[in-house]
Amino acid sequence: MPGVVPSGTSLANVTLPAGWPERPLRIILPAAGGAGTADTLARILAQEMDKRLPQRTLVDNRPGANGNVGATAAARSAPDGHTILFTWAGTMATSPALYRDLAFNPQRDFEPVILLGNVPNILVVNNSLGIRDLAAFTAYVRANPGRLSFGSSGNGSSMHLAGELYRQATGTEMVHIPYAGIQQGFTDLFTGRIQVMFNLVTGAAPQVRAGQVTPIAVLSDQRSAVLPDVPTMAELGMPGMEFGSWFCLMLPKGTPAPIVQALNALVNEILAEPESRARFTAQGLDIIGGAPDRLTTLLDSEIRRHAELVRVSGTRLE
């Protein structure tokens, strides 16, 4: 139960700084409650932290503007270790390229805590195409430039940029169709109005299992536990085609280093514990963890990578 462990003591391999936490922790989640993978992962994390800390951990949903509303609120919070940002690639790596006047800077306004893991995208196609492997799909797209359409959850989404990455890597042309609600996108995929999607593996898994779409490949360097029978792009001869939505924790800039280190150690412990690890994996998360520097390195490279994908796509949001 929360509240039974005095601060300044150890939790397994974690030593809590004296005086932290002195009140409930708030995880700002830049997405609506019940809104898919991010909300589920954040709530699992909060529950696991509840088991280990002397204070409660609460999820504060702050949706809006591709996660920018929540990230801005977190950046402006007191750097005392009681406000944590649970965020992902779209907000931290894509938004800087999409928005002209971003109210926060991912590299300057936060203390990186931990890279939780990655949920990869998966290439799925309409069943009526009769295509079941990557080589045949790429040959078909090349033979029909601009005749196929791929749907996404919006301009700059991971689904959109995964499609742009594929187009760049193969030199092919497809038409991008952004949807306000991805369920309509799936309906159009089932009926053949569009032919392709690069959804997150967790979002596509129910349709794949039901036989409503044909899976081609996972955009990852390892197979997903959610759909273990689907090969990776690398297995099928296209290494370097990794793309997904990675998730991480950040704290407001200026948060004391002992708190950053304690939170990093605590979450690494959660990610390593078999029962909690299984909960994350069931949601499609390929667990990573590690030191804060790992997140810093990834963020730097991903901001450059996403900027290039946004540039070639011609997308820009105000």
# chains A, B, ... in the order shown; residues from 1 in each chain; ligands from 1
call {"tool": "residues_around", "arguments": {"residues": "Asn199 (chain A)", "least_positions_apart": "3", "cutoff": "6 Å", "atoms": "only C-alpha atoms", "output": "MDAnalysis selection string"}}
result
chainID A and resid 121:122 159 204
call {"tool": "write_last_selection", "arguments": {"atoms": "C-alpha atoms", "output": "PDB file, in the first residue's frame"}}
result
ATOM      1  CA  ASN A 121       4.408   0.168 -36.485  1.00  0.00           C
ATOM      2  CA  ILE A 122       3.243  -2.653 -38.706  1.00  0.00           C
ATOM      3  CA  MET A 159       1.426   6.027 -39.024  1.00  0.00           C
ATOM      4  CA  ALA A 204      -3.695  -3.438 -35.783  1.00  0.00           C
TER       5      ALA A 204
END
call {"tool": "residues_around", "arguments": {"residues": "region 265-277 of chain A", "least_positions_apart": "2", "cutoff": "7 Å", "atoms": "only C-alpha atoms", "output": "ChimeraX atom specification"}}
result
/A:14,48,261-263,279-281,289-290
call {"tool": "write_last_selection", "arguments": {"atoms": "N, CA and C atoms", "output": "PDB file, in the first residue's frame"}}
result
ATOM      1  N   VAL A  14      16.477   0.700  -4.832  1.00  0.00           N
ATOM      2  CA  VAL A  14      16.240   2.127  -5.008  1.00  0.00           C
ATOM      3  C   VAL A  14      16.282   2.844  -3.659  1.00  0.00           C
ATOM      4  N   GLU A  48       2.063   0.510 -10.744  1.00  0.00           N
ATOM      5  CA  GLU A  48       3.280  -0.140 -10.257  1.00  0.00           C
ATOM      6  C   GLU A  48       4.067   0.791  -9.328  1.00  0.00           C
ATOM      7  N   GLN A 261      17.680  10.473 -10.554  1.00  0.00           N
ATOM      8  CA  GLN A 261      18.324   9.163 -10.432  1.00  0.00           C
ATOM      9  C   GLN A 261      17.430   8.154  -9.715  1.00  0.00           C
ATOM     10  N   ALA A 262      16.724   8.609  -8.683  1.00  0.00           N
ATOM     11  CA  ALA A 262      15.846   7.710  -7.934  1.00  0.00           C
ATOM     12  C   ALA A 262      14.679   7.243  -8.796  1.00  0.00           C
ATOM     13  N   LEU A 263      14.083   8.179  -9.556  1.00  0.00           N
ATOM     14  CA  LEU A 263      12.962   7.811 -10.419  1.00  0.00           C
ATOM     15  C   LEU A 263      13.432   6.873 -11.520  1.00  0.00           C
ATOM     16  N   ARG A 279       3.007  -7.066 -18.021  1.00  0.00           N
ATOM     17  CA  ARG A 279       1.885  -6.149 -18.254  1.00  0.00           C
ATOM     18  C   ARG A 279       2.216  -5.169 -19.372  1.00  0.00           C
ATOM     19  N   PHE A 280       3.437  -4.663 -19.377  1.00  0.00           N
ATOM     20  CA  PHE A 280       3.839  -3.738 -20.435  1.00  0.00           C
ATOM     21  C   PHE A 280       3.954  -4.452 -21.782  1.00  0.00           C
ATOM     22  N   THR A 281       4.552  -5.618 -21.774  1.00  0.00           N
ATOM     23  CA  THR A 281       4.752  -6.369 -23.016  1.00  0.00           C
ATOM     24  C   THR A 281       3.418  -6.726 -23.663  1.00  0.00           C
ATOM     25  N   GLY A 289      14.398   0.648 -21.204  1.00  0.00           N
ATOM     26  CA  GLY A 289      14.977   1.055 -19.917  1.00  0.00           C
ATOM     27  C   GLY A 289      16.383   1.587 -20.061  1.00  0.00           C
ATOM     28  N   GLY A 290      17.109   1.598 -18.948  1.00  0.00           N
ATOM     29  CA  GLY A 290      18.485   2.077 -18.964  1.00  0.00           C
ATOM     30  C   GLY A 290      18.638   3.438 -18.328  1.00  0.00           C
TER      31      GLY A 290
END
call {"tool": "residues_around", "arguments": {"residues": "region 19-36 of chain A", "least_positions_apart": "2", "cutoff": "9 Å", "atoms": "only C-alpha atoms", "output": "number ranges by chain"}}
result
A: 6-8, 16-17, 38-42, 46, 53-71, 73-74, 80-87, 91, 202-203, 259
call {"tool": "atom_distance", "arguments": {"atom1": "CA of Arg167 (chain A)", "atom2": "CA of Ala93 (chain A)"}}
result
19.9 Å
call {"tool": "residues_around", "arguments": {"residues": "Val175 (chain A)", "least_positions_apart": "6", "cutoff": "9 Å", "atoms": "only C-alpha atoms", "output": "VMD selection string"}}
result
chain A and resid 146 to 151
call {"tool": "write_last_selection", "arguments": {"atoms": "N, CA, C and O atoms", "output": "tab-separated table (two decimals), in the first residue's frame"}}
result
chain	number	residue	atom	x	y	z
A	146	GLY	N	1.36	5.91	-57.29
A	146	GLY	CA	0.29	6.84	-56.97
A	146	GLY	C	-1.11	6.26	-56.99
A	146	GLY	O	-2.08	6.98	-56.75
A	147	ARG	N	-1.24	4.95	-57.23
A	147	ARG	CA	-2.58	4.35	-57.30
A	147	ARG	C	-3.03	3.77	-55.96
A	147	ARG	O	-4.22	3.52	-55.77
A	148	LEU	N	-2.10	3.55	-55.05
A	148	LEU	CA	-2.46	3.03	-53.73
A	148	LEU	C	-2.49	4.18	-52.73
A	148	LEU	O	-1.74	5.15	-52.84
A	149	SER	N	-3.35	4.04	-51.73
A	149	SER	CA	-3.47	5.04	-50.67
A	149	SER	C	-3.19	4.39	-49.33
A	149	SER	O	-3.60	3.25	-49.08
A	150	PHE	N	-2.46	5.12	-48.47
A	150	PHE	CA	-2.26	4.63	-47.11
A	150	PHE	C	-2.89	5.61	-46.13
A	150	PHE	O	-2.75	6.83	-46.27
A	151	GLY	N	-3.59	5.06	-45.15
A	151	GLY	CA	-4.30	5.89	-44.18
A	151	GLY	C	-3.49	6.05	-42.91
A	151	GLY	O	-2.65	5.23	-42.57
call {"tool": "atom_distance", "arguments": {"atom1": "CA of Met49 (chain A)", "atom2": "CA of Phe247 (chain A)"}}
result
16.6 Å
call {"tool": "select_by_dssp", "arguments": {"residues": "region 149-238 of chain A", "states": "strand (DSSP E)", "output": "list in words"}}
result
Ser149, Phe150, Gly151, Ser152, Val175, His176, Ile177, Pro178, Val196, Met197, Phe198, Asn199, Leu200, Val213, Thr214, Pro215, Ile216, Ala217 and Val218 of chain A
call {"tool": "write_last_selection", "arguments": {"atoms": "C-alpha atoms", "output": "PDB file, in the first residue's frame"}}
result
ATOM      1  CA  SER A 149      -3.469   5.040 -50.667  1.00  0.00           C
ATOM      2  CA  PHE A 150      -2.262   4.627 -47.110  1.00  0.00           C
ATOM      3  CA  GLY A 151      -4.298   5.886 -44.183  1.00  0.00           C
ATOM      4  CA  SER A 152      -3.115   7.404 -40.925  1.00  0.00           C
ATOM      5  CA  VAL A 175      -1.220   8.797 -51.561  1.00  0.00           C
ATOM      6  CA  HIS A 176      -1.458   9.689 -47.874  1.00  0.00           C
ATOM      7  CA  ILE A 177      -4.998   9.917 -46.436  1.00  0.00           C
ATOM      8  CA  PRO A 178      -5.130  11.411 -42.905  1.00  0.00           C
ATOM      9  CA  VAL A 196      -2.486   0.236 -46.856  1.00  0.00           C
ATOM     10  CA  MET A 197      -1.862   1.227 -43.238  1.00  0.00           C
ATOM     11  CA  PHE A 198       1.221   1.514 -41.053  1.00  0.00           C
ATOM     12  CA  ASN A 199      -0.605   1.291 -37.721  1.00  0.00           C
ATOM     13  CA  LEU A 200       0.971   0.677 -34.320  1.00  0.00           C
ATOM     14  CA  VAL A 213      -6.369  -7.273 -42.908  1.00  0.00           C
ATOM     15  CA  THR A 214      -3.184  -8.931 -44.121  1.00  0.00           C
ATOM     16  CA  PRO A 215      -0.004  -8.287 -42.108  1.00  0.00           C
ATOM     17  CA  ILE A 216       3.160  -7.803 -44.159  1.00  0.00           C
ATOM     18  CA  ALA A 217       5.964  -6.794 -41.767  1.00  0.00           C
ATOM     19  CA  VAL A 218       6.720  -5.142 -38.427  1.00  0.00           C
TER      20      VAL A 218
END
call {"tool": "atom_distance", "arguments": {"atom1": "CA of Tyr179 (chain A)", "atom2": "CA of Asn155 (chain A)"}}
result
8.6 Å
call {"tool": "residues_around", "arguments": {"residues": "Ala75 (chain A)", "least_positions_apart": "3", "cutoff": "7 Å", "atoms": "only C-alpha atoms", "output": "PyMOL selection string"}}
result
chain A and resi 71-72+104+109-110+252
call {"tool": "write_last_selection", "arguments": {"atoms": "N, CA and C atoms", "output": "PDB file, in the first residue's frame"}}
result
ATOM      1  N   ALA A  71       2.689  18.613 -22.667  1.00  0.00           N
ATOM      2  CA  ALA A  71       4.135  18.828 -22.534  1.00  0.00           C
ATOM      3  C   ALA A  71       4.432  20.238 -22.055  1.00  0.00           C
ATOM      4  N   THR A  72       3.677  21.211 -22.550  1.00  0.00           N
ATOM      5  CA  THR A  72       3.871  22.596 -22.118  1.00  0.00           C
ATOM      6  C   THR A  72       3.552  22.751 -20.636  1.00  0.00           C
ATOM      7  N   PHE A 104       7.465  24.744 -25.979  1.00  0.00           N
ATOM      8  CA  PHE A 104       8.478  24.064 -25.169  1.00  0.00           C
ATOM      9  C   PHE A 104       9.569  23.550 -26.088  1.00  0.00           C
ATOM     10  N   ASP A 109      14.030  22.038 -22.029  1.00  0.00           N
ATOM     11  CA  ASP A 109      13.060  22.288 -20.958  1.00  0.00           C
ATOM     12  C   ASP A 109      12.807  21.104 -20.049  1.00  0.00           C
ATOM     13  N   PHE A 110      13.505  19.987 -20.288  1.00  0.00           N
ATOM     14  CA  PHE A 110      13.241  18.782 -19.494  1.00  0.00           C
ATOM     15  C   PHE A 110      14.532  18.089 -19.071  1.00  0.00           C
ATOM     16  N   PRO A 252      10.592  18.302 -15.264  1.00  0.00           N
ATOM     17  CA  PRO A 252      10.905  19.696 -15.606  1.00  0.00           C
ATOM     18  C   PRO A 252      12.386  20.001 -15.397  1.00  0.00           C
TER      19      PRO A 252
END
